[in-house]
>>> print(open('target-v9.txt').read())   # compact mmCIF, C-alpha atoms
# COMPACT_ATOMS: atom_id res chain seq x y z
CA MET A 44 46.51 84.68 53.14
CA SER A 45 45.74 84.26 56.80
CA ALA A 46 49.43 84.35 57.68
CA ILE A 47 49.96 87.48 55.59
CA VAL A 48 47.10 89.26 57.34
CA SER A 49 48.45 88.20 60.72
CA PHE A 50 51.92 89.43 59.82
CA ILE A 51 50.52 92.81 58.77
CA VAL A 52 48.56 93.00 62.03
CA GLY A 53 51.72 92.30 64.04
CA LEU A 54 53.68 94.83 62.01
CA ALA A 55 51.05 97.54 62.49
CA PHE A 56 50.75 96.70 66.18
CA GLY A 57 54.52 96.93 66.63
CA LEU A 58 54.75 100.17 64.67
CA GLY A 59 51.96 101.56 66.82
CA LEU A 60 53.87 100.65 69.97
CA ILE A 61 57.02 102.31 68.62
CA VAL A 62 55.25 105.50 67.50
CA ALA A 63 53.50 105.66 70.88
CA GLY A 64 56.80 105.38 72.73
CA MET A 65 55.66 102.18 74.43
CA THR A 66 58.87 100.34 73.52
CA ASP A 67 60.69 102.69 75.89
CA PRO A 68 60.34 101.06 79.35
CA ALA A 69 61.42 104.30 81.03
CA LYS A 70 58.42 106.04 79.45
CA VAL A 71 56.05 103.30 80.62
CA LEU A 72 57.50 103.47 84.14
CA ALA A 73 57.09 107.25 84.07
CA PHE A 74 53.34 106.67 83.56
CA LEU A 75 53.26 104.23 86.47
CA ASP A 76 55.20 106.66 88.67
CA LEU A 77 52.27 108.69 89.99
CA ALA A 78 54.27 110.12 92.88
CA GLY A 79 57.15 111.15 90.68
CA SER A 80 57.51 113.08 87.46
CA TRP A 81 54.36 111.76 85.80
CA ASP A 82 54.11 111.12 82.04
CA PRO A 83 50.42 110.64 81.10
CA SER A 84 51.25 109.40 77.58
CA LEU A 85 50.22 105.77 78.13
CA ALA A 86 46.70 106.90 78.98
CA LEU A 87 46.45 108.62 75.61
CA VAL A 88 47.75 105.51 73.87
CA MET A 89 44.81 103.60 75.34
CA GLY A 90 42.64 106.59 74.49
CA GLY A 91 43.61 106.24 70.84
CA ALA A 92 43.38 102.46 70.68
CA ILE A 93 40.16 101.77 72.58
CA PRO A 94 37.69 103.81 70.48
CA VAL A 95 39.04 102.31 67.24
CA SER A 96 38.88 98.83 68.74
CA ALA A 97 35.38 99.51 70.06
CA VAL A 98 34.10 100.27 66.55
CA ALA A 99 35.62 97.00 65.34
CA PHE A 100 33.96 94.99 68.10
CA TRP A 101 30.64 96.63 67.32
CA MET A 102 31.03 95.66 63.67
CA ALA A 103 32.11 92.14 64.64
CA ARG A 104 29.03 91.62 66.80
CA LYS A 105 26.82 92.55 63.88
CA LYS A 106 28.61 90.42 61.32
CA GLY A 107 29.35 87.29 63.31
CA VAL A 108 31.73 85.97 60.67
CA SER A 109 35.19 87.25 59.84
CA LEU A 110 36.23 88.38 56.36
CA LEU A 111 38.17 85.15 55.91
CA GLY A 112 35.07 83.19 56.77
CA ARG A 113 35.80 82.21 60.36
CA PRO A 114 33.14 82.55 63.03
CA ILE A 115 33.94 85.40 65.38
CA GLN A 116 34.06 83.83 68.83
CA LEU A 117 34.73 86.28 71.58
CA PRO A 118 35.95 85.42 75.07
CA ASP A 119 33.68 85.32 78.08
CA THR A 120 33.20 88.71 79.70
CA ARG A 121 31.47 87.73 82.89
CA ARG A 122 33.44 85.20 84.93
CA ILE A 123 35.40 86.93 87.65
CA ASP A 124 37.44 84.59 89.81
CA TRP A 125 40.60 84.37 91.86
CA ARG A 126 42.63 83.53 88.77
CA LEU A 127 41.69 86.75 87.05
CA ILE A 128 42.49 88.88 90.08
CA SER A 129 45.67 87.16 91.22
CA GLY A 130 46.98 86.77 87.68
CA SER A 131 46.39 90.45 86.96
CA ALA A 132 48.05 91.37 90.24
CA LEU A 133 51.16 89.31 89.46
CA PHE A 134 51.26 90.73 85.94
CA GLY A 135 50.95 94.27 87.31
CA ILE A 136 53.85 93.71 89.69
CA GLY A 137 56.04 92.28 86.93
CA TRP A 138 55.07 95.18 84.66
CA GLY A 139 55.90 97.70 87.37
CA LEU A 140 59.32 96.16 87.99
CA ALA A 141 60.73 96.67 84.50
CA GLY A 142 58.08 98.61 82.58
CA ILE A 143 57.81 95.86 79.98
CA CYS A 144 54.70 93.89 78.98
CA PRO A 145 54.32 91.17 76.32
CA GLY A 146 53.85 93.28 73.17
CA PRO A 147 56.72 95.68 73.80
CA ALA A 148 58.86 92.76 74.98
CA LEU A 149 58.67 91.08 71.59
CA THR A 150 59.19 94.37 69.77
CA LEU A 151 62.29 94.98 71.92
CA LEU A 152 63.54 91.62 70.74
CA GLY A 153 63.26 93.04 67.24
CA TYR A 154 65.41 95.99 68.39
CA GLY A 155 68.11 93.42 69.09
CA ALA A 156 68.27 94.46 72.72
CA TRP A 157 69.75 91.78 75.01
CA GLN A 158 67.29 92.88 77.66
CA GLY A 159 64.48 91.90 75.29
CA LEU A 160 65.94 88.43 74.99
CA VAL A 161 66.29 87.97 78.75
CA PHE A 162 62.78 89.28 79.42
CA VAL A 163 61.11 87.23 76.68
CA ALA A 164 62.94 84.07 77.78
CA ALA A 165 61.80 84.64 81.36
CA MET A 166 58.27 85.47 80.19
CA ILE A 167 58.02 82.23 78.23
CA ALA A 168 59.44 80.35 81.22
CA GLY A 169 56.77 81.94 83.41
CA MET A 170 54.05 80.90 80.96
CA ILE A 171 55.35 77.33 80.86
CA LEU A 172 55.54 77.27 84.66
CA TYR A 173 51.90 78.32 84.82
CA GLY A 174 50.99 75.47 82.47
CA TRP A 175 52.84 72.93 84.62
CA LEU A 176 51.44 74.12 87.93
CA LEU A 177 47.91 75.21 87.26
CA GLU A 178 46.52 74.02 83.99
CA ARG A 179 44.21 70.99 84.18
CA LYS A 180 45.68 67.97 82.54
CA THR A 181 43.09 65.98 80.58
CA MET B 232 51.55 114.53 91.12
CA ALA B 233 53.88 116.60 88.93
CA ILE B 234 53.26 116.23 85.19
CA ASP B 235 56.43 115.82 83.18
CA TRP B 236 55.48 118.09 80.28
CA SER B 237 58.84 117.65 78.57
CA SER B 238 58.31 113.89 78.27
CA PHE B 239 54.58 113.94 77.53
CA THR B 240 53.99 113.08 73.87
CA PRO B 241 50.24 113.47 73.24
CA ALA B 242 50.42 113.39 69.42
CA GLY B 243 52.64 110.33 69.19
CA SER B 244 50.65 108.57 71.88
CA ILE B 245 47.31 109.05 70.15
CA ALA B 246 48.73 108.24 66.72
CA GLY B 247 50.37 105.08 68.02
CA GLY B 248 47.23 104.15 69.89
CA VAL B 249 45.09 104.53 66.78
CA LEU B 250 47.52 102.34 64.85
CA ILE B 251 47.28 99.69 67.58
CA GLY B 252 43.49 99.98 67.42
CA LEU B 253 43.56 99.47 63.66
CA ALA B 254 45.73 96.37 64.10
CA VAL B 255 43.22 95.02 66.63
CA ALA B 256 40.38 95.80 64.22
CA LEU B 257 42.05 94.02 61.32
CA LEU B 258 42.77 90.86 63.31
CA LEU B 259 39.23 90.80 64.66
CA LEU B 260 37.37 91.48 61.43
CA ALA B 261 39.63 89.47 59.11
CA LYS B 262 40.37 86.51 61.36
CA GLY B 263 37.93 86.73 64.24
CA ARG B 264 40.79 86.78 66.75
CA ILE B 265 41.58 88.89 69.80
CA ALA B 266 44.89 90.76 69.55
CA GLY B 267 46.00 89.91 73.06
CA VAL B 268 49.74 89.34 72.88
CA SER B 269 50.00 87.15 75.96
CA GLY B 270 47.24 84.94 74.58
CA ILE B 271 48.79 84.78 71.13
CA VAL B 272 52.13 83.70 72.60
CA GLY B 273 50.53 81.44 75.20
CA GLY B 274 48.60 79.60 72.51
CA LEU B 275 51.90 78.53 70.98
CA LEU B 276 52.88 76.70 74.14
CA SER B 277 50.08 74.18 73.71
CA PRO B 278 49.94 74.19 69.94
CA GLN B 279 46.86 72.99 68.10
CA ARG B 280 46.73 72.18 64.42
CA GLY B 281 45.66 75.13 62.33
CA ASN B 282 46.23 77.44 65.26
CA VAL B 283 49.97 77.98 64.98
CA ALA B 284 50.89 79.70 61.72
CA TRP B 285 48.91 82.88 62.29
CA ARG B 286 50.43 83.26 65.77
CA LEU B 287 53.95 82.92 64.41
CA ALA B 288 53.13 85.37 61.63
CA PHE B 289 51.81 87.94 64.14
CA ILE B 290 54.94 87.60 66.29
CA ALA B 291 57.11 87.89 63.18
CA GLY B 292 55.30 91.14 62.42
CA LEU B 293 56.05 92.47 65.90
CA LEU B 294 59.71 91.51 65.53
CA ALA B 295 59.88 93.09 62.08
CA ALA B 296 58.33 96.40 63.17
CA PRO B 297 61.52 98.01 64.54
CA LEU B 298 63.45 96.80 61.51
CA MET B 299 60.92 98.36 59.16
CA TYR B 300 60.68 101.57 61.21
CA GLY B 301 64.47 101.82 61.20
CA LEU B 302 64.52 101.89 57.39
CA PHE B 303 62.68 105.21 57.35
CA ALA B 304 63.47 106.92 60.61
CA VAL B 305 65.65 106.77 63.68
CA LEU B 306 64.14 104.39 66.20
CA PRO B 307 62.98 106.16 69.37
CA GLU B 308 65.24 105.49 72.32
CA SER B 309 64.54 102.50 74.52
CA ARG B 310 65.85 103.14 78.02
CA ILE B 311 66.07 100.02 80.17
CA ASP B 312 67.57 100.44 83.62
CA ALA B 313 66.72 96.98 84.90
CA GLY B 314 69.66 94.58 85.19
CA TRP B 315 69.29 90.95 84.21
CA PRO B 316 68.13 89.71 87.65
CA LEU B 317 65.26 92.20 87.73
CA LEU B 318 64.43 91.44 84.08
CA LEU B 319 64.28 87.73 84.93
CA VAL B 320 61.93 88.24 87.87
CA ALA B 321 59.79 90.74 85.95
CA GLY B 322 59.56 88.44 82.94
CA LEU B 323 58.60 85.44 85.06
CA LEU B 324 55.85 87.42 86.80
CA VAL B 325 54.54 88.82 83.52
CA GLY B 326 54.55 85.38 81.87
CA PHE B 327 52.92 83.59 84.79
CA GLY B 328 50.53 86.41 85.64
CA THR B 329 49.23 86.98 82.11
CA ARG B 330 48.43 83.29 81.67
CA LEU B 331 46.76 83.06 85.09
CA GLY B 332 44.82 86.25 84.49
CA SER B 333 44.02 85.41 80.86
CA GLY B 334 45.38 88.62 79.37
CA CYS B 335 47.58 91.69 79.40
CA THR B 336 47.48 95.36 78.37
CA SER B 337 46.43 94.49 74.81
CA GLY B 338 44.03 91.64 75.58
CA HIS B 339 42.29 93.10 78.62
CA GLY B 340 43.35 96.72 78.42
CA VAL B 341 42.52 97.43 74.79
CA CYS B 342 40.32 94.60 73.48
CA GLY B 343 38.41 93.78 76.64
CA MET B 344 37.88 97.36 77.75
CA SER B 345 36.66 98.39 74.29
CA ARG B 346 33.95 95.70 74.61
CA LEU B 347 33.11 96.98 78.10
CA SER B 348 33.84 93.49 79.42
CA PRO B 349 33.48 93.52 83.22
CA ARG B 350 36.19 90.84 83.40
CA SER B 351 38.63 92.97 81.47
CA ILE B 352 37.76 96.21 83.22
CA LEU B 353 38.48 94.55 86.56
CA ALA B 354 41.65 92.92 85.26
CA THR B 355 42.89 96.23 83.87
CA LEU B 356 42.15 98.12 87.08
CA THR B 357 43.98 95.37 88.98
CA PHE B 358 47.14 95.26 86.91
CA MET B 359 47.24 99.04 86.64
CA GLY B 360 46.84 99.34 90.40
CA PHE B 361 49.58 96.84 91.11
CA GLY B 362 51.76 98.51 88.49
CA PHE B 363 51.34 101.89 90.17
CA ALA B 364 51.97 100.36 93.59
CA THR B 365 55.08 98.48 92.49
CA VAL B 366 56.68 101.57 90.97
CA TYR B 367 55.78 103.55 94.10
CA VAL B 368 57.50 100.97 96.30
CA MET B 369 60.52 100.65 94.03
CA ARG B 370 61.06 104.38 93.56
CA HIS B 371 59.70 106.05 96.68
CA LEU B 372 59.69 103.54 99.53
CA ILE B 373 62.72 101.32 99.12
CA VAL B 374 65.84 103.34 99.74
CA PHE B 375 69.11 101.75 98.65
>>> encode(input="target-v9.txt", output="structure tokens")
Amino acid sequence: MSAIVSFIVGLAFGLGLIVAGMTDPAKVLAFLDLAGSWDPSLALVMGGAIPVSAVAFWMARKKGVSLLGRPIQLPDTRRIDWRLISGSALFGIGWGLAGICPGPALTLLGYGAWQGLVFVAAMIAGMILYGWLLERKT
Amino acid sequence: MAIDWSSFTPAGSIAGGVLIGLAVALLLLAKGRIAGVSGIVGGLLSPQRGNVAWRLAFIAGLLAAPLMYGLFAVLPESRIDAGWPLLLVAGLLVGFGTRLGSGCTSGHGVCGMSRLSPRSILATLTFMGFGFATVYVMRHLIVF
């Protein structure tokens, strides 16, 4: 049941990305190109997603327990440290280089695009590298 | 700043965004999980029992989306100019950076911002800023 729900979530998420044009890196880069021919679309994608998500988080706070019975544990919202800033900066640079971020990258893999494969492989390598270098070993 | 009206797709953007928001809502309310793609993938790299299947299922859904879309309509174009060296560097930075920063456009940008999380607001402003700056450098400063 849980896997089915998760699959549906991924499917809907991917379809949303496709409908929004976010699986077109040129379109994403056109949003990031403020000095060029600017495409504001990505802002409206966030504008559509955030209010819907906000309602869900409001409901989640009230309920405390998910429909499948799990406790709803939300991440910390307060701690701001060098990791957050530097990680976001590195992510932003990587995003600006190719116009691809994790969600669209996986969806591109589903397109069968070789670029999706190269990017996802490199992304996973980058994640593993982070684990080796910076994650505390217990 | 010149708006590219011919490329601007307000209806598709909002519709797609709402669909993404609904996906986030379903994962949160049904499973109590944050739909942050970098976190979902990252969690597979140090797998814990009972915490793997749903991640794989979510990723399978993402992979299946273009296949399903393609059954009913022509997939929108996906224009990628980056060659494999740039894709490699970009991917490495995105992978490393999202783990270090604990999130990406879905985790911080959608989920975190919709909770008004100061952490996520700052993260989003940071990656957006560096995204804007990188494209500016690549397209308007570096001349080949």
>>> atom_distance(input="target-v9.txt", atom1="atom CA of Val341 of chain B", atom2="atom CA of Ile265 of chain B")
9.9 Å
>>> closest_residue(input="target-v9.txt", among="B:Gly338, B:Gly314, B:Gly326, B:Gly281", to="chain A", atoms="all atoms listed in the file")
B:Gly326
>>> residues_around(input="target-v9.txt", residues="segment 315-325 of chain B", least_positions_apart="6", cutoff="7 Å", atoms="all atoms listed in the file", output="NGL selection string")
:A and (133-134 or 137-138 or 140-141 or 144 or 161-163 or 165-166 or 168-169)
>>> closest_residue(input="target-v9.txt", among="A:Ser45, A:Pro147, A:Ile123, A:Ile115", to="Val283 of chain B", atoms="all atoms listed in the file")
A:Ser45
>>> residues_around(input="target-v9.txt", residues="Ala73 of chain A", least_positions_apart="3", cutoff="10 Å", atoms="all atoms listed in the file", output="PyMOL selection string")
(chain A and resi 68-70+76-85+142) or (chain B and resi 234-235+238-239+363+366)
>>> atom_distance(input="target-v9.txt", atom1="atom CA of Val108 of chain A", atom2="atom CA of Val255 of chain B")
15.8 Å
>>> atom_distance(input="target-v9.txt", atom1="atom CA of Leu258 of chain B", atom2="atom CA of Val52 of chain A")
6.3 Å
>>> closest_residue(input="target-v9.txt", among="B:Ile251, B:Ile373, B:Leu302, B:Ala242", to="chain A", atoms="all atoms listed in the file")
B:Ile251
>>> closest_atom_pairs(input="target-v9.txt", of="segment 313-339 of chain B", to="segment 266-277 of chain B", cutoff="8 Å", atoms="all atoms listed in the file", output="Markdown table")
| residue | atom | partner | partner_atom | distance |
| --- | --- | --- | --- | --- |
| B:Gly326 | CA | B:Ser269 | CA | 7.7 |
| B:Thr329 | CA | B:Ser269 | CA | 6.2 |
| B:Arg330 | CA | B:Gly273 | CA | 7.0 |
| B:Ser333 | CA | B:Gly270 | CA | 7.1 |
| B:Gly334 | CA | B:Ser269 | CA | 5.9 |
| B:Cys335 | CA | B:Ser269 | CA | 6.2 |
| B:Thr336 | CA | B:Gly267 | CA | 7.8 |
| B:Ser337 | CA | B:Gly267 | CA | 4.9 |
| B:Gly338 | CA | B:Gly267 | CA | 3.6 |
| B:His339 | CA | B:Gly267 | CA | 7.4 |
>>> closest_residue(input="target-v9.txt", among="B:Cys342, B:Trp285, B:Met232, B:Ala295", to="Gly252 of chain B", atoms="all atoms listed in the file")
B:Cys342
>>> closest_residue(input="target-v9.txt", among="B:Phe303, B:Ser244, B:Phe289, B:Pro278", to="Ile51 of chain A", atoms="all atoms listed in the file")
B:Phe289
>>> residues_around(input="target-v9.txt", residues="Lys106 of chain A", least_positions_apart="3", cutoff="12 Å", atoms="only C-alpha atoms", output="mmCIF file with C-alpha atoms, in the coordinates of the input")
data_model
loop_
_atom_site.group_PDB
_atom_site.id
_atom_site.type_symbol
_atom_site.label_atom_id
_atom_site.label_comp_id
_atom_site.auth_asym_id
_atom_site.auth_seq_id
_atom_site.Cartn_x
_atom_site.Cartn_y
_atom_site.Cartn_z
ATOM 1 C CA ALA A 99 35.620 97.000 65.340
ATOM 2 C CA PHE A 100 33.960 94.990 68.100
ATOM 3 C CA TRP A 101 30.640 96.630 67.320
ATOM 4 C CA MET A 102 31.030 95.660 63.670
ATOM 5 C CA ALA A 103 32.110 92.140 64.640
ATOM 6 C CA SER A 109 35.190 87.250 59.840
ATOM 7 C CA LEU A 110 36.230 88.380 56.360
ATOM 8 C CA GLY A 112 35.070 83.190 56.770
ATOM 9 C CA ARG A 113 35.800 82.210 60.360
ATOM 10 C CA PRO A 114 33.140 82.550 63.030
ATOM 11 C CA ILE A 115 33.940 85.400 65.380
ATOM 12 C CA GLN A 116 34.060 83.830 68.830
ATOM 13 C CA LEU B 259 39.230 90.800 64.660
ATOM 14 C CA LEU B 260 37.370 91.480 61.430
ATOM 15 C CA ALA B 261 39.630 89.470 59.110
ATOM 16 C CA GLY B 263 37.930 86.730 64.240
#
>>> residues_around(input="target-v9.txt", residues="Trp125 of chain A", least_positions_apart="2", cutoff="12 Å", atoms="all atoms listed in the file", output="PyMOL selection string")
(chain A and resi 122-123+127-133) or (chain B and resi 328+331-333+350+353-354+357)
>>> closest_residue(input="target-v9.txt", among="B:Leu287, B:Leu293, B:Leu372, B:Val305", to="chain A", atoms="all atoms listed in the file")
B:Leu293
>>> residues_around(input="target-v9.txt", residues="Leu54 of chain A", least_positions_apart="2", cutoff="9 Å", atoms="all atoms listed in the file", output="ChimeraX atom specification")
/A:49-52,56-59 /B:254,289-297,299
>>> decode(input="target-v9.txt", residues="segment 307-320 of chain B", atoms="N, CA, C and O atoms", output="JSON list (two decimals), in the first residue's frame")
[["chain", "number", "residue", "atom", "x", "y", "z"],
["B", 307, "PRO", "N", 6.58, 17.19, -24.23],
["B", 307, "PRO", "CA", 7.17, 18.49, -24.55],
["B", 307, "PRO", "C", 8.66, 18.32, -24.83],
["B", 307, "PRO", "O", 9.29, 17.40, -24.31],
["B", 308, "GLU", "N", 9.20, 19.23, -25.63],
["B", 308, "GLU", "CA", 10.61, 19.09, -25.97],
["B", 308, "GLU", "C", 11.48, 19.28, -24.74],
["B", 308, "GLU", "O", 11.12, 19.97, -23.79],
["B", 309, "SER", "N", 12.64, 18.64, -24.78],
["B", 309, "SER", "CA", 13.62, 18.77, -23.71],
["B", 309, "SER", "C", 14.93, 19.15, -24.38],
["B", 309, "SER", "O", 15.57, 18.32, -25.01],
["B", 310, "ARG", "N", 15.27, 20.43, -24.29],
["B", 310, "ARG", "CA", 16.44, 20.94, -25.00],
["B", 310, "ARG", "C", 17.64, 21.02, -24.05],
["B", 310, "ARG", "O", 17.64, 21.83, -23.11],
["B", 311, "ILE", "N", 18.62, 20.17, -24.29],
["B", 311, "ILE", "CA", 19.81, 20.15, -23.44],
["B", 311, "ILE", "C", 21.02, 20.49, -24.30],
["B", 311, "ILE", "O", 21.40, 19.73, -25.19],
["B", 312, "ASP", "N", 21.61, 21.66, -24.01],
["B", 312, "ASP", "CA", 22.78, 22.09, -24.78],
["B", 312, "ASP", "C", 24.08, 21.59, -24.17],
["B", 312, "ASP", "O", 25.09, 21.53, -24.85],
["B", 313, "ALA", "N", 24.05, 21.27, -22.87],
["B", 313, "ALA", "CA", 25.28, 20.91, -22.18],
["B", 313, "ALA", "C", 25.85, 19.61, -22.73],
["B", 313, "ALA", "O", 25.13, 18.63, -22.92],
["B", 314, "GLY", "N", 27.14, 19.60, -22.99],
["B", 314, "GLY", "CA", 27.84, 18.39, -23.40],
["B", 314, "GLY", "C", 28.15, 17.56, -22.16],
["B", 314, "GLY", "O", 27.92, 18.00, -21.03],
["B", 315, "TRP", "N", 28.69, 16.35, -22.37],
["B", 315, "TRP", "CA", 28.87, 15.48, -21.21],
["B", 315, "TRP", "C", 29.83, 16.02, -20.16],
["B", 315, "TRP", "O", 29.60, 15.80, -18.96],
["B", 316, "PRO", "N", 30.88, 16.78, -20.50],
["B", 316, "PRO", "CA", 31.73, 17.30, -19.42],
["B", 316, "PRO", "C", 30.98, 18.25, -18.50],
["B", 316, "PRO", "O", 31.09, 18.16, -17.27],
["B", 317, "LEU", "N", 30.18, 19.15, -19.10],
["B", 317, "LEU", "CA", 29.42, 20.09, -18.29],
["B", 317, "LEU", "C", 28.35, 19.36, -17.48],
["B", 317, "LEU", "O", 28.11, 19.70, -16.32],
["B", 318, "LEU", "N", 27.72, 18.35, -18.08],
["B", 318, "LEU", "CA", 26.72, 17.57, -17.36],
["B", 318, "LEU", "C", 27.35, 16.86, -16.15],
["B", 318, "LEU", "O", 26.74, 16.77, -15.09],
["B", 319, "LEU", "N", 28.57, 16.37, -16.33],
["B", 319, "LEU", "CA", 29.27, 15.69, -15.24],
["B", 319, "LEU", "C", 29.52, 16.66, -14.08],
["B", 319, "LEU", "O", 29.22, 16.36, -12.92],
["B", 320, "VAL", "N", 30.08, 17.82, -14.41],
["B", 320, "VAL", "CA", 30.39, 18.81, -13.38],
["B", 320, "VAL", "C", 29.10, 19.28, -12.70],
["B", 320, "VAL", "O", 29.03, 19.35, -11.47]]
